[in-house]
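Engineer: One structure, pasted below without further comment.
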Amino acid sequence: MVKLSKPLEEMQYILATDVGSTTTKARFFHKVNGEWRFKVAGEAPTTVEAPYEDVTLGVQNAVREVEELTGHKLLAPEGGLIIPYDGEKGVDLYCTTSSAGGGLQMMVAGLIKSMTAESANRAALGAGAIVMDVIARDDGRPVYKKIQRIRTLRPDMILLAGGTDGGASQHVMEIAEMIKAAEPKPRLGVSYELPIVYAGNKDLRDQIRELLKEGFALEIVDNIRPVLEVENTEPARRAVHELFMEHVMSHAPGYTKLMKWTDVDIMPTPAGEGMAMQLIADTYKMNVLGVGLGGATTNVYSVVDGRFVRSVSANLGMSYSVTNVMKEAGIDNIMRWIPFNLDKEEVASRLMNKMIRPTTIPQTLEDLIVEHSVAREALRLGLKHHRTIATRLKGVQLERTISDMFEQAVEDSYVKMMNIDICAGTGGLLSHAPRRIQSMLILTDAWQTEGITRMMQDSVFMMPHLGVLSTVYRDAAWSIFDKDCLVRLGTCVAASGLTKPGDHVMDLTIEMPNGDKVEKTLNLGDLELVPLAPGKEATVHVSPASHYDVGAGPGKELTATVIGGVAGLLLDARGRPLYLPEEESKRKELLLEWFKAVHLYPEEILEAMV
Amino acid sequence: MAKEEKAVKSETEQAHAYTPGLKVKRATVVRKTRRLPLLGKVFVKEGDTVTHDQVVARTEISGDPEIVKISMILGLEPEDTAAFLTKKVGDKVEEGERIAFYKALFGLIKKEVVSPISGTFESFSEITGQAIIRGAPIPVDVDAYIPGKVVEVLPREGAVIETNAAFIQGIFGIGGETHGEIHVAVESNEDVLDADAITPDHKGKVVIGGSLVTLDALHKAVEVGVSAVVCGGIRHYDLTSFTGEEIGVAITGQEEVGLTLIITEGFGRMNMSARTFNLLKDFEGYLSSVNGATQIRAGVLRPEIIIPHDIPPEDAGEELSQGMVPGTPVRIIRQPYFGAIGKVHSLPVELQQLESESMVRVVNVELDNGEVVTVPRANVEIIEE
């Protein structure tokens with residue numbers, strides 16, 4: 001639903017908010033000399049919980065801060081916003097995203113785990129949901145265990161898929177009967193029916209309708225896998241979004257009011273963030289790997305050859321979930337990024353203390369480096385998880401070539417770092433990093449970019465805002481995105497391959513914007529930063545050693561235009577996979593060398609700690 | 001004038017500590033809403049006096065379903081099976097009772113299906129050939145948790161119970177609701193609670209330690225049947241060993257480890273705040289209601305110790321913190337001064353650069369030894385008086 005107060009080209013002021021689980025963030029945009037720009041931000045605590053239980057109070061407080069900072073009146077005395085702008089007060093468009101109260105929590109079910117259930121999972125994730133469980137006939141659990149699980153979950157919604165059109169029917173009905181038998185209850189109260197979207201075999205629609213007519217709010221959409229070769233997630237995603245508005249949001253405290261204020265449907269925050277990532281891919285016509293590294297969750301987005309996939313690691317984050325990163329990665333994997341001596345138990349206790357007091361921030365450099373180490377691991381695990389979601393369609397007959405016969409298996413995920421052209425990050429830790437090179441190196445280390453990769457990040461958290469705005473006013477959203485949101489960190493040139501320490505990796509000739517030529521020779525373990533300002537372009541000619549690849553194939557030369565940024569041009573010959581010595585003292589020495597080479601941290605304090 | 005007001009307002013807002021202080025109150029009014037997970041029956045009325053273990057409301061959740069693949073067992077097509085059912089939808093069935101019977105070839109072939117559980121024959125599907133037998137409803141009770149007076153009845157949902165009590169919040173806990181007399185097992189808030197300090201007399205009690213509880217002490221406490229242990233700190237490794245797994249996300253309360261554990265300060269060895277320790281000492285021998293449930297994300301839930309008594313409340317109740325001003329007592333909650341207690345010396349308005357190079361709003365804190373240190377405002381919590 002979109003209701004615009006005036007034609008887009010006549011608009012002058014836009015307000016967007018994101019109702020987060022702890023903070024409501026307002027962003028105010030203005031058209032200046034025909035160009036859309038970010039004007040000011042206002043923030044206030046979210047008021048979804050008692051004693052307030054009305055999100056609009058937090059929204060009003062955040063908007064009031066915008067009013068105070070600009071002197072521009074926005075709030076209507078009777079509640080809501082003044083719409084449209086009348087030459088003096090008000091805005092022309094208001095939109096919002098929301099993740100308050102835990103966002104959209106879904107359970108998905110399908111027939112076969114790696115086929116329809118996997119497609120349903122991708123559709124739910126793409127709609128911005130946290131998927132609580134994926135139920136399938138072959139998920140390894142006995143039926144009674146699955147029933148117990150469904151009974152204990154209190155999802156906001158269920159997505160049920162299964163069977164191709166005209167295909168399996170009896171087994172699909174068995175899954176549906178199991179769901180009905182379990183009598184799942186919706187999370188937000190017992191007074192309404194649990195929404196369920198059926199996106200399975202179309203031949204079963206009548207039976208499904210009959211079976212689920214009581215106790216559920218059923219929505220039937222086109223099959224998510226009409227044939228094995230096609231995945232059609234869009235109708236399911238749209239239905240999830242509509243039911244989210246109709247059933248879930250309307251039962252969350254204050255949302256009925258907020259829904260009346262907005263001109264565009266409220267969107268789950270990760271869906272907004274995903275839109276923003278798609279906007280980057282669409283504008284540059286490049287493959288993008290993006291991340292929202294939050295306090296509680298890590299969302300990873302990929303747009304590869306036009307295919308958009310989102311994954312959410314609900315318990316990987318930098319504050320509430322920081323100890324879960326430790327649990328999943330293992331303390332040793334966090335310790336491997338720390339270049340000085342620190343007791344493991346001490347690091348573990350610090351992380352536990354961060355979890356129980358999540359709003360604290362690192363005061364000492366030592367603490368900052370510990371957090372950056374955790375961030376690398378959260379991002380690494382986030383991408384690992386993403387690759388299990390961003391897979392080729394299973395169940396489809398693959399044409400195999402002779403070379404496949406020599407490989408163990410055809411790789412499942414198509415997200416390969418050599419094919420990623422842009423890495424983009426958002427979230428508190430990245431945007432608050434005291435030096436921009438810190439975000440750039442954290443992303444590079446965690447994801448191990450290969451070839452030539454542009455690196456970008458959010459300036460002040462507004463990707464979700466611009467994502468939801470882009471659904472109605474793409475040009476305005478991109479203008480703000482380009483000029484005020486996306487910080488260009490720079491470009492990373494990384495050679496893929498691994499030989500012995502000290503071996504030659506690559507030679508580079510860089511033609512700088514002023515015509516100067518910079519020559520570099522890098523051996524395994526080398527890392528260098530060449531200053532190249534934002535907006536400036538340089539031509540890089542790379543000649544890799546025979547075992548190394550920078551994008552043209554092993555040992556093959558490559559010439560490319562690279563874009564500068566606030567950090568610059570990062571030349572990475574540390575190997576892929578990244579070479580980190582097993583021996584502790586050597587590893588620490590090497591880490592320290594890298595940190596110094598790119599001026600990652602204040603050197604004097606760093607030296608004193610080692 | 002308007003500008004001045006704005007400046008004053010924003011300065012006041014900035015002075016809020018980001019981490020709300022934990023409540024440590026000698027005498028306050030505690031209200032607990034006791035709610036059923038589904039609608040049911042409420043047994044109390046407004047004005048009733050209840051004990052902590054009195055059931056105030058009850059509901060029944062539907063029994064567990066059991067799916068029986070009748071067609072498959074009988075070797076029939078689903079659409080042909082209905083004729084062979086011996087029970088109809090809605091019938092009561094006993095465990096082992098016949099629910100379908102098939103006879104062919106003049107009785108030479110006989111097959112039967114029996115119910116795996118006692119319950120109700122809920123449905124049969126002619127598409128899948130499956131029947132659902134629903135087990136008996138499962139009763140769910142909600143007790144009062146704290147002794148006190150019913151001040152509000154939530155029709156079909158539960159009741160609100162109120163009492164005067166001492167109220168102490170911890171920072172982290174595991175294990176759910178429990179009860180017991182307060183017993184202080186150490187001399188001072190700096191002492192370690194080790195296994196030697198736990199005796200069989202502590203059975204059913206809420207045992208108070210000082211700066212640290214050891215793993216051995218926790219095992220001994222479980223052995224003697226202690227209800228709950230309250231202490232300043234615990235080592236991460238000990239907690240992991242005790243619970244059998246690393247705590248990933250701070251959503252706790254469901255652990256079944258033999259007792260409830262509440263940490264008042266944090267991880268590592270940390271002296272319990274003197275105020276908390278002395279308060280618990282003053283109420284030694286009193287019955288307390290304790291809950292380790294902790295949920296830090298959205299809708300913060302901290303573990304609690306409620307000690308009901310007859311002392312009139314000292315304040316109006318649960319008013320929110322008024323924010324920091326010079327003189328406000330605070331605790332520093334992050335390195336390099338973690339655990340230090342002092343009072344606000346000043347609140348500079350300008351952003352300041354930390355050693356980590358972050359530019360943040362800071363607070364100058366005068367520590368108990370007179371030293372004034374600068375820390376980010378996000379790294380202090382107000383000690384609520």
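Lettering and numbering for the structure tokens are positional, with chains as A, B, ... in the shown order, residues counted from 1 in each chain, and ligands counted from 1 in the shown order.
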Using only C-alpha atoms, determine which residues of chain B fall within 8 Å of chain A; present them as an MDAnalysis selection string.
Structural biologist: chainID B and resid 6 18:19 38:39 64:67 127:128 130 132 171:172 235:237 246:250 266:268 296:299 333:336 354:359 375:376 378:379
Engineer: Once you have the residues from the selection above, write them out as a short mmCIF file (atom, residue, chain, number, x, y, z; two decimals), in the first residue's frame, restricted to N, CA and C atoms.
Structural biologist:
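Heads up, here's the output in again35.cif:
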data_model
loop_
_atom_site.label_atom_id
_atom_site.label_comp_id
_atom_site.auth_asym_id
_atom_site.auth_seq_id
_atom_site.Cartn_x
_atom_site.Cartn_y
_atom_site.Cartn_z
N LYS B 6 16.23 24.66 25.15
CA LYS B 6 16.64 23.51 24.35
C LYS B 6 18.00 23.01 24.85
N TYR B 18 23.64 5.19 30.32
CA TYR B 18 23.02 4.34 29.31
C TYR B 18 22.56 3.01 29.92
N THR B 19 23.33 2.55 30.90
CA THR B 19 22.96 1.29 31.53
C THR B 19 22.17 1.60 32.78
N LEU B 38 -2.04 -19.55 28.42
CA LEU B 38 -3.28 -19.57 27.63
C LEU B 38 -4.41 -19.19 28.57
N LEU B 39 -5.55 -18.84 28.03
CA LEU B 39 -6.66 -18.47 28.91
C LEU B 39 -7.07 -19.68 29.76
N ASP B 64 -0.63 -33.93 23.96
CA ASP B 64 0.26 -34.19 22.83
C ASP B 64 -0.44 -35.08 21.81
N PRO B 65 -0.30 -34.77 20.52
CA PRO B 65 -0.93 -35.59 19.50
C PRO B 65 -0.02 -36.77 19.11
N GLU B 66 -0.62 -37.84 18.73
CA GLU B 66 0.16 -38.98 18.22
C GLU B 66 -0.41 -39.29 16.84
N ILE B 67 0.46 -39.34 15.85
CA ILE B 67 -0.01 -39.62 14.49
C ILE B 67 0.10 -41.13 14.22
N ILE B 127 -6.68 -38.51 2.68
CA ILE B 127 -5.60 -38.22 1.71
C ILE B 127 -4.32 -38.92 2.14
N THR B 128 -4.04 -38.83 3.45
CA THR B 128 -2.78 -39.41 3.92
C THR B 128 -2.98 -40.75 4.60
N GLN B 130 -3.80 -41.04 7.65
CA GLN B 130 -3.30 -40.90 9.02
C GLN B 130 -4.43 -40.52 9.96
N ILE B 132 -5.15 -38.93 13.96
CA ILE B 132 -4.49 -38.24 15.07
C ILE B 132 -5.21 -38.60 16.35
N ILE B 171 22.91 -9.10 38.14
CA ILE B 171 23.22 -8.73 36.75
C ILE B 171 23.00 -9.92 35.82
N PHE B 172 23.13 -11.13 36.36
CA PHE B 172 23.01 -12.32 35.52
C PHE B 172 22.66 -13.52 36.40
N ARG B 235 33.69 -17.29 37.66
CA ARG B 235 34.58 -17.39 36.49
C ARG B 235 33.80 -18.00 35.33
N HIS B 236 34.11 -17.49 34.14
CA HIS B 236 33.43 -17.98 32.94
C HIS B 236 33.59 -19.49 32.81
N TYR B 237 34.83 -19.96 33.06
CA TYR B 237 35.09 -21.39 32.90
C TYR B 237 34.24 -22.20 33.88
N GLU B 246 28.51 -23.67 27.18
CA GLU B 246 28.76 -22.23 27.22
C GLU B 246 27.45 -21.48 27.05
N ILE B 247 27.30 -20.42 27.81
CA ILE B 247 26.12 -19.58 27.63
C ILE B 247 26.37 -18.71 26.40
N GLY B 248 25.52 -18.84 25.38
CA GLY B 248 25.73 -18.08 24.16
C GLY B 248 24.99 -16.76 24.21
N VAL B 249 23.71 -16.84 24.47
CA VAL B 249 22.88 -15.64 24.48
C VAL B 249 22.25 -15.54 25.86
N ALA B 250 22.18 -14.31 26.37
CA ALA B 250 21.67 -14.16 27.74
C ALA B 250 20.16 -14.24 27.79
N GLY B 266 29.30 -9.37 38.08
CA GLY B 266 29.78 -9.70 36.75
C GLY B 266 30.68 -10.91 36.76
N PHE B 267 31.37 -11.14 35.63
CA PHE B 267 32.21 -12.33 35.50
C PHE B 267 33.64 -12.05 35.95
N GLY B 268 34.23 -13.07 36.58
CA GLY B 268 35.54 -12.90 37.19
C GLY B 268 35.30 -12.71 38.69
N ILE B 296 18.53 -10.13 28.38
CA ILE B 296 19.12 -8.79 28.28
C ILE B 296 18.63 -8.05 27.05
N ARG B 297 18.29 -8.78 26.00
CA ARG B 297 17.80 -8.11 24.79
C ARG B 297 16.39 -7.61 25.02
N ALA B 298 16.04 -6.52 24.38
CA ALA B 298 14.70 -5.91 24.41
C ALA B 298 13.82 -6.37 25.57
N GLY B 299 13.46 -5.48 26.44
CA GLY B 299 12.63 -5.83 27.57
C GLY B 299 13.47 -6.49 28.64
N ILE B 333 31.70 0.13 34.82
CA ILE B 333 31.37 -1.24 34.43
C ILE B 333 32.18 -1.72 33.23
N ARG B 334 33.37 -1.14 33.06
CA ARG B 334 34.24 -1.65 32.00
C ARG B 334 35.69 -1.29 32.29
N GLN B 335 36.61 -2.04 31.69
CA GLN B 335 38.03 -1.75 31.85
C GLN B 335 38.30 -0.32 31.39
N PRO B 336 39.29 0.36 31.96
CA PRO B 336 40.30 -0.14 32.89
C PRO B 336 39.93 0.05 34.37
N LEU B 354 39.13 8.90 23.52
CA LEU B 354 39.59 7.86 24.44
C LEU B 354 40.92 7.30 23.95
N GLU B 355 41.50 6.41 24.75
CA GLU B 355 42.74 5.75 24.32
C GLU B 355 42.50 4.97 23.03
N SER B 356 41.28 4.43 22.88
CA SER B 356 40.94 3.67 21.68
C SER B 356 40.73 4.59 20.47
N GLU B 357 40.80 5.90 20.68
CA GLU B 357 40.62 6.96 19.68
C GLU B 357 39.15 7.25 19.36
N SER B 358 38.22 6.54 20.03
CA SER B 358 36.81 6.87 19.81
C SER B 358 36.53 8.23 20.44
N MET B 359 35.66 9.00 19.76
CA MET B 359 35.25 10.30 20.30
C MET B 359 33.88 10.10 20.95
N VAL B 375 35.82 8.42 32.08
CA VAL B 375 35.33 7.22 31.40
C VAL B 375 34.15 7.59 30.50
N PRO B 376 33.90 6.77 29.48
CA PRO B 376 32.72 7.05 28.64
C PRO B 376 31.44 6.97 29.48
N ALA B 378 28.79 5.76 28.66
CA ALA B 378 28.17 4.45 28.47
C ALA B 378 28.74 3.41 29.42
N ASN B 379 29.87 3.72 30.02
CA ASN B 379 30.54 2.71 30.85
C ASN B 379 30.32 2.90 32.35
#
Engineer: Please give the complete set of residues from segment 28-87 of chain B that DSSP, run on the backbone, assigns to strand (DSSP E or B), formatted as a list of chain:residue names.
Structural biologist: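 Secondary structure check on segment 28-87 of chain B, strand (DSSP E or B): B:Thr28, B:Val29, B:Val30, B:Arg31, B:Lys32, B:Thr33, B:Arg34, B:Arg35, B:Lys41, B:Val42, B:Thr49, B:Val50, B:Val55, B:Val56, B:Ala57, B:Arg58, B:Thr59, B:Glu60, B:Ile61, B:Pro65, B:Glu66, B:Ile67, B:Val68, B:Lys69, B:Leu85.
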Engineer: Report the distance between atom CA of Ile452 of chain A and atom CA of Glu537 of chain A in Å, rounded to one decimal place.
Structural biologist: 13.5 Å
Engineer: So the first atom is atom CA of Glu589 of chain A and the second is atom CA of Leu441 of chain A; what is the distance between them in Å, to one decimal place?
Structural biologist: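 Spanning atom CA of Glu589 of chain A to atom CA of Leu441 of chain A is a straight-line distance of 17.2 Å.
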Engineer: Using only C-alpha atoms, which protein or nucleic acid residues come within 9 Å of Val257 of chain B? Drop anything in the same chain fewer than 3 positions from it, and give the result as an MDAnalysis selection string.
Structural biologist: chainID B and resid 174:175 222 242:244 260
Engineer: Could those selected residues go to a file with N, CA and C atoms, as a PDB file, in the first residue's frame?
Structural biologist:
ATOM      1  N   ILE B 174      21.070 -17.900  36.414  1.00  0.00           N
ATOM      2  CA  ILE B 174      20.569 -19.092  35.712  1.00  0.00           C
ATOM      3  C   ILE B 174      19.604 -19.811  36.653  1.00  0.00           C
ATOM      4  N   GLY B 175      18.716 -20.583  36.093  1.00  0.00           N
ATOM      5  CA  GLY B 175      17.727 -21.301  36.910  1.00  0.00           C
ATOM      6  C   GLY B 175      16.511 -20.427  37.146  1.00  0.00           C
ATOM      7  N   VAL B 222      24.586 -28.095  45.229  1.00  0.00           N
ATOM      8  CA  VAL B 222      23.596 -28.972  44.596  1.00  0.00           C
ATOM      9  C   VAL B 222      23.462 -30.250  45.424  1.00  0.00           C
ATOM     10  N   PHE B 242      29.779 -25.848  35.083  1.00  0.00           N
ATOM     11  CA  PHE B 242      28.621 -26.127  35.922  1.00  0.00           C
ATOM     12  C   PHE B 242      27.362 -26.401  35.097  1.00  0.00           C
ATOM     13  N   THR B 243      27.148 -25.577  34.077  1.00  0.00           N
ATOM     14  CA  THR B 243      25.925 -25.736  33.288  1.00  0.00           C
ATOM     15  C   THR B 243      26.091 -26.809  32.210  1.00  0.00           C
ATOM     16  N   GLY B 244      27.340 -27.151  31.919  1.00  0.00           N
ATOM     17  CA  GLY B 244      27.583 -28.181  30.915  1.00  0.00           C
ATOM     18  C   GLY B 244      27.672 -27.622  29.511  1.00  0.00           C
ATOM     19  N   THR B 260      19.325 -22.343  41.674  1.00  0.00           N
ATOM     20  CA  THR B 260      19.294 -21.066  40.963  1.00  0.00           C
ATOM     21  C   THR B 260      20.536 -20.287  41.384  1.00  0.00           C
TER      22      THR B 260
END
Engineer: Give me the residues within 12 Å of segment 562-565 of chain A as a ChimeraX atom specification, counting only C-alpha atoms and dropping any in the same chain fewer than 4 places off.
Structural biologist: /A:421-422,436-437,440,451-457,486-493,510-513,529-542,558,569-571
Engineer: Restricting the output to C-alpha atoms, write the selected residues as an mmCIF file, in the first residue's frame.
Structural biologist:
data_model
loop_
_atom_site.group_PDB
_atom_site.id
_atom_site.type_symbol
_atom_site.label_atom_id
_atom_site.label_comp_id
_atom_site.auth_asym_id
_atom_site.auth_seq_id
_atom_site.Cartn_x
_atom_site.Cartn_y
_atom_site.Cartn_z
ATOM 1 C CA ASP A 421 32.988 -6.894 -6.744
ATOM 2 C CA ILE A 422 31.740 -4.886 -3.764
ATOM 3 C CA ARG A 436 38.156 3.627 8.667
ATOM 4 C CA ILE A 437 40.976 1.268 7.755
ATOM 5 C CA MET A 440 38.246 -2.282 5.805
ATOM 6 C CA GLY A 451 40.856 -10.237 -6.743
ATOM 7 C CA ILE A 452 39.703 -6.636 -6.929
ATOM 8 C CA THR A 453 37.014 -5.648 -4.449
ATOM 9 C CA ARG A 454 35.549 -2.270 -3.634
ATOM 10 C CA MET A 455 34.854 -1.764 0.056
ATOM 11 C CA MET A 456 32.084 0.442 1.419
ATOM 12 C CA GLN A 457 30.258 1.097 4.647
ATOM 13 C CA LEU A 486 27.948 5.130 1.510
ATOM 14 C CA VAL A 487 31.466 5.778 2.753
ATOM 15 C CA ARG A 488 33.912 4.525 0.155
ATOM 16 C CA LEU A 489 36.658 2.854 2.143
ATOM 17 C CA GLY A 490 38.731 2.033 -0.906
ATOM 18 C CA THR A 491 39.649 -0.986 -2.990
ATOM 19 C CA CYS A 492 41.392 -4.185 -1.999
ATOM 20 C CA VAL A 493 43.627 -6.085 -4.402
ATOM 21 C CA ILE A 510 49.885 1.616 -10.186
ATOM 22 C CA GLU A 511 49.263 4.643 -12.356
ATOM 23 C CA MET A 512 48.160 7.289 -9.880
ATOM 24 C CA PRO A 513 45.638 10.036 -10.811
ATOM 25 C CA LEU A 529 48.235 0.497 1.975
ATOM 26 C CA VAL A 530 48.608 3.021 -0.854
ATOM 27 C CA PRO A 531 46.760 6.314 -0.307
ATOM 28 C CA LEU A 532 44.133 6.977 -2.976
ATOM 29 C CA ALA A 533 41.508 9.560 -2.082
ATOM 30 C CA PRO A 534 37.749 9.000 -2.390
ATOM 31 C CA GLY A 535 36.486 9.530 -5.924
ATOM 32 C CA LYS A 536 39.978 9.221 -7.423
ATOM 33 C CA GLU A 537 40.769 6.482 -9.882
ATOM 34 C CA ALA A 538 44.025 4.695 -10.555
ATOM 35 C CA THR A 539 44.972 2.050 -13.071
ATOM 36 C CA VAL A 540 46.492 -1.050 -11.587
ATOM 37 C CA HIS A 541 48.455 -3.558 -13.572
ATOM 38 C CA VAL A 542 48.973 -6.764 -11.588
ATOM 39 C CA LEU A 558 45.293 -8.193 -15.027
ATOM 40 C CA LEU A 569 44.186 1.018 -1.885
ATOM 41 C CA LEU A 570 44.908 -2.125 0.119
ATOM 42 C CA LEU A 571 47.401 -4.532 -1.437
#
Engineer: Neighbouring residues of Val362 of chain B were defined as those with any atom within 10 Å, considering only C-alpha atoms; residues of the same chain fewer than 3 positions away were excluded. Please report them as a list in words.
Structural biologist: Gln14, Ala15, Ser346, Leu347, Pro348, Val349, Glu350, Leu351, Gln352, Gln353, Leu354, Met359, Val365, Thr374, Val375, Pro376, Arg377, Ala378, Asn379 and Val380 of chain B
Engineer: Just the helix (DSSP H, G or I) stuff from segment 179-340 of chain B, please, per backbone DSSP, written as an MDAnalysis selection string.
Structural biologist: chainID B and resid 195:197 200:202 215:224 236:243 274:282
Engineer: Find the residues around Lys92 of chain B up to 9 Å (only C-alpha atoms counted), leave out those fewer than 4 positions away in its own chain, and share them as a PyMOL selection string.
Structural biologist: chain B and resi 87+118-121
Engineer: Would you output that residue set with N, CA and C atoms, as a PDB file, in the first residue's frame?
Structural biologist:
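Result saved to again_12.pdb:
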ATOM      1  N   LYS B  87     -13.357 -46.698  15.383  1.00  0.00           N
ATOM      2  CA  LYS B  87     -13.676 -45.533  16.220  1.00  0.00           C
ATOM      3  C   LYS B  87     -14.039 -44.383  15.290  1.00  0.00           C
ATOM      4  N   SER B 118      -3.659 -43.258  25.421  1.00  0.00           N
ATOM      5  CA  SER B 118      -5.048 -42.991  25.808  1.00  0.00           C
ATOM      6  C   SER B 118      -5.375 -41.558  25.451  1.00  0.00           C
ATOM      7  N   GLY B 119      -6.586 -41.337  24.948  1.00  0.00           N
ATOM      8  CA  GLY B 119      -6.955 -39.964  24.582  1.00  0.00           C
ATOM      9  C   GLY B 119      -8.204 -39.944  23.741  1.00  0.00           C
ATOM     10  N   THR B 120      -8.216 -39.052  22.755  1.00  0.00           N
ATOM     11  CA  THR B 120      -9.388 -38.891  21.914  1.00  0.00           C
ATOM     12  C   THR B 120      -9.006 -39.124  20.456  1.00  0.00           C
ATOM     13  N   PHE B 121      -9.891 -39.814  19.722  1.00  0.00           N
ATOM     14  CA  PHE B 121      -9.685 -40.007  18.282  1.00  0.00           C
ATOM     15  C   PHE B 121     -10.057 -38.678  17.613  1.00  0.00           C
TER      16      PHE B 121
END
